[in-house]
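Some notes on the structure that comes next.
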Amino acid sequence: MLRGGDVILNAEKTLQKIKNHLLKGQLLKKAIRHIPRANNIRNRLLLAVSLLILISATSLSVLNYLHFASSYTEQSAENMQELVEQVAVNIENALNEIGQLCLSPYYNSDIMRWLESDAVSAQNALEKRREIERYLQQSLITPRKDVMRVYILADSVYSSAKTGRSGITVNYKEESWYYDTLSTDDCVFRPVVFEETSPSSRVVFSVARQIYSLKDSSRTLGVILIDANYNGIKEICDRISVNPNGALMVVDQNGNAVYMRSKLSDEFSVSEILNAAKDGTYCIHTFENTDYIVNANAIPTVGWTVIAVNAKAEITKEAQETLLFNMVFAVIMAMIGMVISAFFINRYLQPLYATIKLMESVESGDLSVRAGQAYTEEIAYLNGTFNRMLSRIQKMLIQENQLTREVYTAKYLQKEAQYEALQRQIQPHFLFNTLSTISILAKCNRTTEVIESIDQLATLLRGMVNAGKEISLASELKIAESYLQLQQLRHDTLRYDIQTQGVDLGYYLPALTIQPIVENAITHGCCIHPQGTFIQIDMWYEENQLILSIHDNGAGMDPQILLHLQERLNDVDKQIETGGESGIGLVNIQSRIQHRFGQDYGIHVYSEIGKGTTVTLCLPRSNINVSCTHS
């Protein structure tokens, strides 16, 4: 069978386990309660699903854009290259067509006869010129809009022109194109010439070819030279559309632009574009941090180059618009996915949030709630565990309340027993000392003093009736003063002084609190000091405390004894439980004060050898809220 102390110890251990279990449960519930704010599963799932949809759609859009932009750029560049090549072919055909005009004299026998014959007279020479130039006007100048001038350089210069400007110089025979024409059977193209007569005829190119005798093919009758403007070439090139921030041009071998239609910045130069161009293919040229696709194709017949320049961004503009559309579509799909996900997530997590609300109810103190189990396996298992935990906690709380009542009752009875034992110790001890004093006076035949002592003892006995209760500070001081007067009968050198100014003498405190301290001061002070013993009792308020000070001028205490006394005062419960040497001394008073007012109050001892000892009582400034029985 367990003893009472073992039962209390086991009960305290059980209570501690229950508190630890409940504390863990509260921490868990607090953590779950903060989930909606700091760690919301629903929001995280919604965010994860939305991000997954958005990232997937965006990644797919970007990858499609990159692939489409690359493929579309390459395909567009190849198509543009084919277009440039076709333009070059068309220009070359147009030039060859003009070159074919150089053969037209062979189809007119009259003109060939005039060229083969020599003028025999001035009249004949004038007629020859008139016939040849009329032929040139009717056959080449009038029918063709692009032919500006035609020359036949034979025994004389025969010409016909739409303008009065001459396309040859006096010393034409010394020019390189003339020598080149005489040295080949093919057409020879003169370099482009820029004339400022009118915008339509600014660019002029020339085609020259030898004219052989039909009778003797080794004989050269002269050279036919045709000057043409670029209207025909312009018509060919104008059919090609030019993108914004693009250009189409035809450049001759000297870097001069035969044709130019540009929407590029003015900072672009023809030479820079020509240097970037690669014949027969396309390349990427970067200018001012912008990529351009340059397509080029040469026309070997005249040494010209057809060049197309297009900004890469313009070519991929459609791809960028597709990317923007895909991005908007991705955002819309993410929003739709978020709405759909929110519906299903809320539906699936609703049982979990219902359980969390039940946990909040449990935290507020309602242990009667129970969670439903008609859900998925996981939620049903969680709710079942939660319900079983609540049942156990309810049983543990019932046991805790029962054990708490038992422990409280046991400790209360123990404290009451100790308190009553302390009070019972004071009464016989005090009476014994007082009667001993009266006995000494009687033996000395000090009858008057015996009578006075008996009166003082009567006063003390009336005060001691309240032992075990609380009395006023005035009553306690009266008891202490009666005791001092009794002691003065024994000790002629004993003097005392009590100062109570400014202190509420109606203050209640445990009976016989000051008198035992005064008794100790007299016991250890009288007959020691050569000038007599002096007891000083003072009291004052210090912040929220009432301080009572009892000072004597005795021999003081040895530091080791003082330290030992302070240790006993700091652990009065142990002194009483072990039945130590406390008796009715300071430990007794310390125990009663702390039982009455709490551990923050009690006795403090200050002593110095040769200067005396001071004992202070620290009490609460007001004790009107303390329930007690007053005399």
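Ligands are numbered from 1 in the order shown, chains are lettered A, B, ... in the order of the structure tokens, and residues start at 1 in each chain.
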Using only C-alpha atoms, which residues sit within 9 Å of Ile132 (chain A) once same-chain residues fewer than 6 positions away are excluded, as a compact mmCIF listing (two decimals) with all heavy atoms, in the first residue's frame?
```
# COMPACT_ATOMS: atom_id res chain seq x y z
N ASP A 110 18.23 48.48 -146.83
CA ASP A 110 18.56 49.83 -147.29
C ASP A 110 19.61 50.45 -146.38
O ASP A 110 20.55 51.10 -146.85
CB ASP A 110 17.31 50.69 -147.32
CG ASP A 110 16.32 50.23 -148.40
OD1 ASP A 110 16.78 49.60 -149.37
OD2 ASP A 110 15.11 50.51 -148.23
N ILE A 111 19.42 50.27 -145.06
CA ILE A 111 20.39 50.84 -144.12
C ILE A 111 21.73 50.18 -144.29
O ILE A 111 22.78 50.85 -144.27
CB ILE A 111 19.87 50.70 -142.68
CG1 ILE A 111 18.59 51.52 -142.48
CG2 ILE A 111 20.90 51.13 -141.65
CD1 ILE A 111 18.77 52.99 -142.75
N TRP A 114 23.39 51.60 -147.40
CA TRP A 114 23.93 52.93 -147.12
C TRP A 114 25.22 52.84 -146.30
O TRP A 114 26.16 53.61 -146.54
CB TRP A 114 22.90 53.78 -146.39
CG TRP A 114 21.82 54.36 -147.27
CD1 TRP A 114 20.53 54.00 -147.35
CD2 TRP A 114 21.99 55.40 -148.19
NE1 TRP A 114 19.84 54.73 -148.25
CE2 TRP A 114 20.73 55.62 -148.81
CE3 TRP A 114 23.09 56.18 -148.63
CZ2 TRP A 114 20.52 56.59 -149.81
CZ3 TRP A 114 22.84 57.15 -149.62
CH2 TRP A 114 21.60 57.34 -150.17
N LEU A 115 25.26 51.94 -145.32
CA LEU A 115 26.47 51.82 -144.49
C LEU A 115 27.65 51.26 -145.28
O LEU A 115 28.80 51.62 -145.03
CB LEU A 115 26.18 50.94 -143.27
CG LEU A 115 25.22 51.51 -142.22
CD1 LEU A 115 24.95 50.49 -141.12
CD2 LEU A 115 25.80 52.81 -141.61
N ILE A 152 25.09 55.51 -134.66
CA ILE A 152 25.87 54.62 -135.52
C ILE A 152 27.14 55.36 -135.87
O ILE A 152 27.13 56.41 -136.52
CB ILE A 152 25.09 54.23 -136.80
CG1 ILE A 152 23.86 53.38 -136.43
CG2 ILE A 152 25.99 53.46 -137.77
CD1 ILE A 152 23.04 52.94 -137.64
N TYR A 158 26.15 59.15 -136.94
CA TYR A 158 24.73 59.25 -137.23
C TYR A 158 23.97 59.04 -135.91
O TYR A 158 24.22 58.07 -135.18
CB TYR A 158 24.30 58.21 -138.25
CG TYR A 158 25.12 58.27 -139.53
CD1 TYR A 158 26.24 57.45 -139.72
CD2 TYR A 158 24.77 59.15 -140.54
CE1 TYR A 158 26.98 57.51 -140.87
CE2 TYR A 158 25.52 59.21 -141.72
CZ TYR A 158 26.61 58.39 -141.86
OH TYR A 158 27.37 58.46 -143.02
N SER A 159 23.07 59.92 -135.62
CA SER A 159 22.39 59.81 -134.31
C SER A 159 20.95 60.26 -134.41
O SER A 159 20.57 61.01 -135.30
CB SER A 159 23.12 60.66 -133.27
OG SER A 159 23.01 62.05 -133.59
```
Problem - helix (DSSP H, G or I) call set, DSSP backbone run, region 153-316 of chain A, as a PyMOL selection string - result: chain A and resi 172-174+176-182+199-201+231-238+270-276+312-315
Give me a file of those residues, with N, CA, C and O atoms, as a short mmCIF file (atom, residue, chain, number, x, y, z; two decimals), in the first residue's frame.
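Dumped everything to again.cif:
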```
data_model
loop_
_atom_site.label_atom_id
_atom_site.label_comp_id
_atom_site.auth_asym_id
_atom_site.auth_seq_id
_atom_site.Cartn_x
_atom_site.Cartn_y
_atom_site.Cartn_z
N TYR A 172 35.58 59.90 -128.80
CA TYR A 172 35.01 58.61 -128.36
C TYR A 172 35.87 57.43 -128.80
O TYR A 172 35.89 56.39 -128.17
N LYS A 173 36.60 57.61 -129.93
CA LYS A 173 37.42 56.49 -130.41
C LYS A 173 38.57 56.18 -129.47
O LYS A 173 39.16 55.10 -129.56
N GLU A 174 38.89 57.08 -128.59
CA GLU A 174 39.99 56.86 -127.66
C GLU A 174 39.49 56.27 -126.32
O GLU A 174 40.29 55.98 -125.45
N SER A 176 37.75 53.50 -123.73
CA SER A 176 37.95 52.06 -123.58
C SER A 176 36.77 51.25 -124.10
O SER A 176 36.94 50.17 -124.68
N TRP A 177 35.56 51.80 -123.91
CA TRP A 177 34.39 51.03 -124.35
C TRP A 177 34.41 50.84 -125.86
O TRP A 177 33.92 49.81 -126.36
N TYR A 178 34.95 51.81 -126.57
CA TYR A 178 34.99 51.72 -128.03
C TYR A 178 35.96 50.62 -128.45
O TYR A 178 35.67 49.81 -129.33
N TYR A 179 37.12 50.59 -127.79
CA TYR A 179 38.08 49.54 -128.11
C TYR A 179 37.52 48.17 -127.75
O TYR A 179 37.71 47.19 -128.46
N ASP A 180 36.81 48.12 -126.62
CA ASP A 180 36.23 46.83 -126.21
C ASP A 180 35.19 46.35 -127.22
O ASP A 180 35.09 45.15 -127.50
N THR A 181 34.42 47.27 -127.74
CA THR A 181 33.39 46.90 -128.72
C THR A 181 34.02 46.35 -130.00
O THR A 181 33.55 45.36 -130.57
N LEU A 182 35.08 47.00 -130.46
CA LEU A 182 35.74 46.54 -131.70
C LEU A 182 36.47 45.23 -131.52
O LEU A 182 36.82 44.57 -132.50
N PRO A 199 14.37 63.75 -113.66
CA PRO A 199 14.37 62.58 -112.77
C PRO A 199 14.24 61.28 -113.52
O PRO A 199 14.79 60.27 -113.11
N SER A 200 13.48 61.27 -114.62
CA SER A 200 13.26 60.01 -115.33
C SER A 200 14.47 59.56 -116.11
O SER A 200 14.56 58.41 -116.51
N SER A 201 15.36 60.45 -116.43
CA SER A 201 16.51 60.06 -117.26
C SER A 201 17.82 60.30 -116.54
O SER A 201 18.84 60.53 -117.15
N ASN A 231 14.04 53.27 -116.97
CA ASN A 231 12.60 53.09 -116.78
C ASN A 231 12.19 51.63 -116.86
O ASN A 231 11.32 51.17 -116.11
N GLY A 232 12.78 50.91 -117.79
CA GLY A 232 12.45 49.49 -117.90
C GLY A 232 12.86 48.73 -116.65
O GLY A 232 12.13 47.86 -116.15
N ILE A 233 14.09 49.07 -116.16
CA ILE A 233 14.56 48.41 -114.93
C ILE A 233 13.68 48.83 -113.75
O ILE A 233 13.35 48.02 -112.88
N LYS A 234 13.27 50.09 -113.73
CA LYS A 234 12.44 50.58 -112.64
C LYS A 234 11.09 49.86 -112.62
O LYS A 234 10.59 49.51 -111.55
N GLU A 235 10.53 49.63 -113.81
CA GLU A 235 9.25 48.92 -113.86
C GLU A 235 9.40 47.51 -113.30
O GLU A 235 8.51 47.01 -112.60
N ILE A 236 10.53 46.90 -113.60
CA ILE A 236 10.76 45.54 -113.08
C ILE A 236 10.90 45.57 -111.56
O ILE A 236 10.30 44.77 -110.84
N CYS A 237 11.68 46.53 -111.07
CA CYS A 237 11.95 46.58 -109.62
C CYS A 237 10.75 47.10 -108.84
O CYS A 237 10.55 46.72 -107.66
N ASP A 238 9.96 47.96 -109.46
CA ASP A 238 8.81 48.51 -108.74
C ASP A 238 7.74 47.47 -108.44
O ASP A 238 6.87 47.69 -107.60
N VAL A 270 25.37 52.84 -99.27
CA VAL A 270 25.34 51.79 -100.28
C VAL A 270 26.58 50.91 -100.20
O VAL A 270 26.52 49.69 -100.34
N SER A 271 27.72 51.54 -99.91
CA SER A 271 28.96 50.77 -99.83
C SER A 271 28.93 49.77 -98.68
O SER A 271 29.42 48.64 -98.80
N GLU A 272 28.33 50.18 -97.58
CA GLU A 272 28.25 49.26 -96.44
C GLU A 272 27.36 48.07 -96.76
O GLU A 272 27.69 46.92 -96.44
N ILE A 273 26.25 48.34 -97.43
CA ILE A 273 25.35 47.25 -97.81
C ILE A 273 26.02 46.34 -98.84
O ILE A 273 25.92 45.11 -98.77
N LEU A 274 26.73 46.96 -99.80
CA LEU A 274 27.40 46.18 -100.83
C LEU A 274 28.49 45.29 -100.23
O LEU A 274 28.68 44.14 -100.65
N ASN A 275 29.19 45.81 -99.22
CA ASN A 275 30.22 45.01 -98.55
C ASN A 275 29.62 43.84 -97.78
O ASN A 275 30.25 42.78 -97.64
N ALA A 276 28.40 44.04 -97.24
CA ALA A 276 27.77 42.97 -96.47
C ALA A 276 27.13 41.92 -97.36
O ALA A 276 26.92 40.79 -96.94
N LYS A 312 15.19 41.94 -89.84
CA LYS A 312 14.77 40.62 -89.38
C LYS A 312 13.52 40.71 -88.52
O LYS A 312 12.65 39.84 -88.56
N ALA A 313 13.41 41.79 -87.75
CA ALA A 313 12.24 41.97 -86.89
C ALA A 313 10.97 42.09 -87.68
O ALA A 313 9.89 41.63 -87.26
N GLU A 314 11.06 42.72 -88.88
CA GLU A 314 9.89 42.86 -89.72
C GLU A 314 9.46 41.52 -90.30
O GLU A 314 8.28 41.22 -90.44
N ILE A 315 10.48 40.70 -90.61
CA ILE A 315 10.16 39.38 -91.16
C ILE A 315 9.51 38.50 -90.10
O ILE A 315 8.58 37.74 -90.39
#
```
Practice task
For region 58-65 of chain A, work out the shell of residues within 10 Å, counting only C-alpha atoms and skipping chain neighbours fewer than 4 positions away, then give it as a PyMOL selection string.
Solution key: chain A and resi 51-54+69-72+316+318-331
Taking C-alpha atoms for each residue, export the selection above as a PDB file, in the first residue's frame.
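This went into result-v5.pdb:
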```pdb
ATOM      1  CA  LEU A  51       2.123  28.171 -62.435  1.00  0.00           C
ATOM      2  CA  LEU A  52       2.243  24.736 -64.063  1.00  0.00           C
ATOM      3  CA  ILE A  53      -0.331  25.747 -66.669  1.00  0.00           C
ATOM      4  CA  LEU A  54       1.217  29.166 -67.205  1.00  0.00           C
ATOM      5  CA  ALA A  69      10.928  32.534 -86.088  1.00  0.00           C
ATOM      6  CA  SER A  70      14.020  30.571 -87.117  1.00  0.00           C
ATOM      7  CA  SER A  71      12.195  28.558 -89.761  1.00  0.00           C
ATOM      8  CA  TYR A  72      10.200  31.527 -90.991  1.00  0.00           C
ATOM      9  CA  THR A 316       9.476  37.786 -87.751  1.00  0.00           C
ATOM     10  CA  GLU A 318       4.093  37.722 -87.663  1.00  0.00           C
ATOM     11  CA  ALA A 319       5.861  35.268 -85.391  1.00  0.00           C
ATOM     12  CA  GLN A 320       5.950  37.881 -82.631  1.00  0.00           C
ATOM     13  CA  GLU A 321       2.239  38.498 -83.045  1.00  0.00           C
ATOM     14  CA  THR A 322       1.718  34.756 -82.808  1.00  0.00           C
ATOM     15  CA  LEU A 323       3.816  34.696 -79.628  1.00  0.00           C
ATOM     16  CA  LEU A 324       1.750  37.509 -78.118  1.00  0.00           C
ATOM     17  CA  PHE A 325      -1.434  35.673 -78.979  1.00  0.00           C
ATOM     18  CA  ASN A 326      -0.073  32.478 -77.429  1.00  0.00           C
ATOM     19  CA  MET A 327       0.980  34.334 -74.294  1.00  0.00           C
ATOM     20  CA  VAL A 328      -2.469  35.879 -73.894  1.00  0.00           C
ATOM     21  CA  PHE A 329      -3.976  32.486 -74.549  1.00  0.00           C
ATOM     22  CA  ALA A 330      -1.664  30.974 -71.896  1.00  0.00           C
ATOM     23  CA  VAL A 331      -2.766  33.541 -69.311  1.00  0.00           C
TER      24      VAL A 331
END
```
Problem - Residues within 10 Å of Met148 (chain A), only C-alpha atoms, excluding chain neighbours under 2 positions, as a list in words - result: Leu140, Ile141, Thr142, Arg144, Lys145, Asp146, Val150, Ser160, Ala161, Lys162, Thr163, Arg165, Gly167, Ser201, Val204, Phe205, Ser206, Ile226, Asp227, Ala228 and Asn229 of chain A
Produce a file of the selected residues containing C-alpha atoms, as a PDB file, in the first residue's frame.
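Wrote out_13.pdb, looks like this:
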```
ATOM      1  CA  LEU A 140      14.389  52.624-132.279  1.00  0.00           C
ATOM      2  CA  ILE A 141      13.565  55.976-130.717  1.00  0.00           C
ATOM      3  CA  THR A 142       9.861  56.320-131.325  1.00  0.00           C
ATOM      4  CA  ARG A 144      10.709  52.460-127.293  1.00  0.00           C
ATOM      5  CA  LYS A 145      10.193  54.607-124.209  1.00  0.00           C
ATOM      6  CA  ASP A 146      13.421  53.482-122.597  1.00  0.00           C
ATOM      7  CA  VAL A 150      20.947  55.848-130.800  1.00  0.00           C
ATOM      8  CA  SER A 160      18.822  60.213-133.238  1.00  0.00           C
ATOM      9  CA  ALA A 161      17.729  61.266-129.736  1.00  0.00           C
ATOM     10  CA  LYS A 162      14.742  62.263-127.639  1.00  0.00           C
ATOM     11  CA  THR A 163      16.793  65.023-126.081  1.00  0.00           C
ATOM     12  CA  ARG A 165      22.049  66.010-125.069  1.00  0.00           C
ATOM     13  CA  GLY A 167      25.856  60.678-125.087  1.00  0.00           C
ATOM     14  CA  SER A 201      16.509  60.062-117.259  1.00  0.00           C
ATOM     15  CA  VAL A 204      21.646  56.207-118.300  1.00  0.00           C
ATOM     16  CA  PHE A 205      23.354  53.031-119.436  1.00  0.00           C
ATOM     17  CA  SER A 206      24.650  52.280-122.963  1.00  0.00           C
ATOM     18  CA  ILE A 226      22.178  52.754-127.762  1.00  0.00           C
ATOM     19  CA  ASP A 227      21.651  54.960-124.659  1.00  0.00           C
ATOM     20  CA  ALA A 228      18.726  53.858-122.523  1.00  0.00           C
ATOM     21  CA  ASN A 229      17.276  55.140-119.288  1.00  0.00           C
TER      22      ASN A 229
END
```
Practice task
Rounded to one decimal place, report the CA of Ser472 (chain A)-CA of Leu505 (chain A) distance in Å.
Solution key: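 Interatomic distance, CA of Ser472 (chain A) to CA of Leu505 (chain A): 6.6 Å.
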Practice task
Give the answer as one residue: which of A:Cys187, A:Leu221, A:Met335, A:Ile517 has the shortest atom-to-atom distance to Leu46 (chain A), using only C-alpha atoms?
Solution key: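 Among the listed residues, the smallest separation from Leu46 (chain A) belongs to A:Met335.
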Practice task
Fewer than 3 positions away in the same chain doesn't count, so skip those; otherwise give me all residues within 6 Å of region 583-599 of chain A, counting only C-alpha atoms, as a list in words.
Solution key: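 The residues satisfying every condition are Ile426, Leu569, Val572, Gly602 and Ile603 of chain A.
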